[in-house]
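Structure record follows, encoded as structure tokens.
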Amino acid sequence: MKNYGKIFLIASCAILLLWIVPWLYNLITLKSYSTPFTLYSCTLHDFASLDRGEGKSFQFIDTRGNVHGDEAQPMFYASVLASRGALPDTVEGRHVTLEEIEYNSVIATSDPKEINRTLPPVYLLMESVPERLELKDPEDALVSRARSIDIVEMATNKVREQKTALFNDALRKQGFVYPARLFNGKPSHRKEYDEGYLVTDAENKLYQVKQVNDTVTVRHFPEADALNLKFVMITEFGNHATLGYLVSADNRLHMLLPDGRVIPTEVSFTPEKEDLLVVGDMFYYTIKTSTGKGERFWALRSSDFSLADTLSREYPRERSFPGLRFTSSNDGWVKPRL
């Protein structure tokens, strides 16, 4: 028994050293750094990065090193320029107004921690067509099960049998195969409108489910059937430019349009490992993906999501001490990692 005790003690000490020594080394030696906010400019037709420079004035530096003022990003800083009377009337031959710029403003994010965590298969169900035209807090929830998706009244925690039966009949008629795999929606009354959820079934086919006049409706998107989707994000922007963002098995980002069309882009995105930032306007979408090693940028034309430009930026490489870790920035799990 003493030998087993010694072996256990030595193994425990080795594991602690393997964890504590690299942690202390990295804590002492690694330096923090930040990268400048970068967007594609519709006036420069180049990526422009924000730089405080000397003093308090903002300035933007393009990829060629030229310095510009706020006018380099008239879509993102439209309110500031309008307050100074400096907002351009025409951009790329198109007349623009502050109201139109704000209407077409798009910002979306994705974090690996949100994707890699495990959540109970319960999804709040909002009414998309409320009586008073203002979204209300949901009263029902969708509960995904092995052979059905139940609608549960949250106040009583009881299944709405008739409503559930009609909903599942509609799913089966559209070819839905249980169980559901991916669910994505934004059940909040702090938005302009509700599009329900984007859902994939056991065969990775894509559907939209939402509640209209107390009836859950189902819509199938055949163009996405062959993509073998690994990530879906519903978009409920004011301009209704897209219905969602989709990522296929080959890590290619696709745009799902409200009419059901799916448009592939040149953006490569690994949702379980990379952060995503999307900033769109009337003319261009700037899409940024980032990991601990660097950032990649794509500029897509808002009209058809075709590629306009790309940019890559590597982070400074620091010498880190390899060892045992128990946490990761990509998920919330505590487990041994080498």
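In the structure tokens, chains take letters A, B, ... by order of appearance, with residues numbered from 1 within each chain and ligands from 1 in the order shown.
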
Using 12 Å as the limit and counting only C-alpha atoms, can you tabulate each residue of region 224-273 of chain A that touches region 281-294 of chain A, with its shortest atom-to-atom distance in Å and the two atoms involved, as JSON lines?
{"residue": "A:Phe237", "atom": "CA", "partner": "A:Asp281", "partner_atom": "CA", "distance": 11.3}
{"residue": "A:Gly238", "atom": "CA", "partner": "A:Asp281", "partner_atom": "CA", "distance": 11.6}
{"residue": "A:Asn239", "atom": "CA", "partner": "A:Met282", "partner_atom": "CA", "distance": 9.7}
{"residue": "A:Ala241", "atom": "CA", "partner": "A:Met282", "partner_atom": "CA", "distance": 10.1}
{"residue": "A:Tyr245", "atom": "CA", "partner": "A:Ile287", "partner_atom": "CA", "distance": 11.9}
{"residue": "A:Asn251", "atom": "CA", "partner": "A:Thr289", "partner_atom": "CA", "distance": 11.9}
{"residue": "A:Leu253", "atom": "CA", "partner": "A:Ile287", "partner_atom": "CA", "distance": 10.3}
{"residue": "A:Met255", "atom": "CA", "partner": "A:Tyr285", "partner_atom": "CA", "distance": 11.8}
{"residue": "A:Thr265", "atom": "CA", "partner": "A:Ile287", "partner_atom": "CA", "distance": 10.8}
{"residue": "A:Glu266", "atom": "CA", "partner": "A:Ile287", "partner_atom": "CA", "distance": 10.6}
{"residue": "A:Val267", "atom": "CA", "partner": "A:Ile287", "partner_atom": "CA", "distance": 7.8}
{"residue": "A:Ser268", "atom": "CA", "partner": "A:Thr289", "partner_atom": "CA", "distance": 8.3}
{"residue": "A:Phe269", "atom": "CA", "partner": "A:Thr289", "partner_atom": "CA", "distance": 6.7}
{"residue": "A:Thr270", "atom": "CA", "partner": "A:Thr289", "partner_atom": "CA", "distance": 8.5}
{"residue": "A:Pro271", "atom": "CA", "partner": "A:Thr289", "partner_atom": "CA", "distance": 9.1}
{"residue": "A:Glu272", "atom": "CA", "partner": "A:Thr291", "partner_atom": "CA", "distance": 10.6}
{"residue": "A:Lys273", "atom": "CA", "partner": "A:Thr291", "partner_atom": "CA", "distance": 7.0}

Quick one: residues within 7 Å of Pro36 (chain A), only C-alpha atoms, excluding same-chain residues fewer than 3 positions away - as a ChimeraX atom specification? /A:49-51

Those selected residues, please, written with all heavy atoms and delivered as a compact mmCIF listing (two decimals), in the first residue's frame.
# COMPACT_ATOMS: atom_id res chain seq x y z
N SER A 49 -7.79 51.10 -40.76
CA SER A 49 -7.72 50.73 -39.34
C SER A 49 -7.71 51.99 -38.49
O SER A 49 -7.03 52.97 -38.80
CB SER A 49 -6.46 49.91 -39.07
OG SER A 49 -6.47 48.71 -39.82
N LEU A 50 -8.44 51.94 -37.38
CA LEU A 50 -8.53 53.07 -36.47
C LEU A 50 -7.26 53.20 -35.66
O LEU A 50 -6.75 52.22 -35.12
CB LEU A 50 -9.73 52.90 -35.54
CG LEU A 50 -9.96 53.97 -34.47
CD1 LEU A 50 -10.24 55.32 -35.14
CD2 LEU A 50 -11.09 53.57 -33.55
N ASP A 51 -6.75 54.44 -35.57
CA ASP A 51 -5.54 54.71 -34.81
C ASP A 51 -5.72 56.03 -34.08
O ASP A 51 -6.08 57.05 -34.69
CB ASP A 51 -4.32 54.78 -35.74
CG ASP A 51 -3.05 55.07 -34.97
OD1 ASP A 51 -2.72 54.29 -34.05
OD2 ASP A 51 -2.38 56.07 -35.28

Given only C-alpha atoms as the counted atoms, nearest of A:Asp46, A:Asp259, A:Asp89, A:Glu139 to His220 (chain A):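 Of A:Asp46, A:Asp259, A:Asp89, A:Glu139, the one nearest His220 (chain A), counting only C-alpha atoms, is A:Asp259.
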
Within 10 Å of Asp214 (chain A), counting only C-alpha atoms, which residues show up once you throw out same-chain ones fewer than 5 positions away? Write them as JSON, numbers by chain, please. {"A": [126, 127, 128, 129, 130, 140, 163]}

Keeping only N, CA, C and O atoms, write those residues as a tab-separated table (two decimals), in the first residue's frame.
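Final file, selection.tsv:
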chain	number	residue	atom	x	y	z
A	126	MET	N	-41.53	32.77	-29.40
A	126	MET	CA	-42.20	34.06	-29.42
A	126	MET	C	-43.33	34.07	-30.45
A	126	MET	O	-43.34	33.27	-31.38
A	127	GLU	N	-44.25	34.99	-30.27
A	127	GLU	CA	-45.30	35.24	-31.25
A	127	GLU	C	-44.77	36.28	-32.24
A	127	GLU	O	-44.45	37.41	-31.86
A	128	SER	N	-44.66	35.89	-33.52
A	128	SER	CA	-44.08	36.78	-34.52
A	128	SER	C	-45.05	37.85	-35.00
A	128	SER	O	-44.62	38.86	-35.57
A	129	VAL	N	-46.35	37.65	-34.79
A	129	VAL	CA	-47.35	38.64	-35.19
A	129	VAL	C	-48.21	38.98	-33.97
A	129	VAL	O	-49.35	38.52	-33.84
A	130	PRO	N	-47.66	39.76	-33.03
A	130	PRO	CA	-48.42	40.10	-31.82
A	130	PRO	C	-49.59	41.02	-32.12
A	130	PRO	O	-49.59	41.75	-33.13
A	140	ASP	N	-44.67	30.18	-24.43
A	140	ASP	CA	-44.42	28.78	-24.70
A	140	ASP	C	-42.95	28.54	-24.99
A	140	ASP	O	-42.18	29.48	-25.25
A	163	LYS	N	-51.62	21.67	-30.16
A	163	LYS	CA	-50.68	22.55	-30.87
A	163	LYS	C	-49.42	21.78	-31.25
A	163	LYS	O	-48.88	21.96	-32.36

Name the residues of region 147-200 of chain A that come out as alpha helix (DSSP H) in a backbone DSSP run; write them as number ranges by chain. A: 161-173

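CA of Leu98 (chain A) lies 27.5 Å from CA of Thr63 (chain A).
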
Looking at A:Phe8, A:Glu100, A:Ser41, A:Lys158, which one is nearest to Gly69 (chain A), with distances taken over only C-alpha atoms? A:Ser41

Based on the backbone DSSP call, show me all residues of region 103-246 of chain A assigned strand (DSSP E or B), as a PyMOL selection string. chain A and resi 106-110+122-125+127+140-144+149-153+158-159+182-185+197-200+206-212+215-220+231-234+244-246

Separating CA of Ile263 (chain A) from CA of Ser110 (chain A), to the nearest tenth of an Å, is a gap of 19.7 Å

How many Å separate CA of Val96 (chain A) from CA of Met233 (chain A)?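 About the pair CA of Val96 (chain A) and CA of Met233 (chain A): they are 29.2 Å apart.
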
Find the spatial neighbours of region 175-187 of chain A, counting only C-alpha atoms, within a cut-off of 6 Å - ignore same-chain residues fewer than 3 positions away - and output them as an NGL selection string. :A and (146-147 or 171-172 or 196-202 or 233-234)

Taking a cut-off of 12 Å and counting only C-alpha atoms, can you build a table that, for each residue of region 74-130 of chain A near region 299-316 of chain A, reports the nearest atom pair and how far apart they are in Å (one decimal), sorted by chain then residue number, as a Markdown table?
| residue | atom | partner | partner_atom | distance |
| --- | --- | --- | --- | --- |
| A:Asn104 | CA | A:Ser302 | CA | 9.8 |
| A:Ser105 | CA | A:Ser302 | CA | 11.0 |
| A:Val106 | CA | A:Ser302 | CA | 10.7 |

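Minimum atom-to-atom distances from A:Val143, A:Ile151, A:Ala165, A:Ile107 to Glu236 (chain A) were compared using only C-alpha atoms, and the lowest value belongs to A:Ile107.
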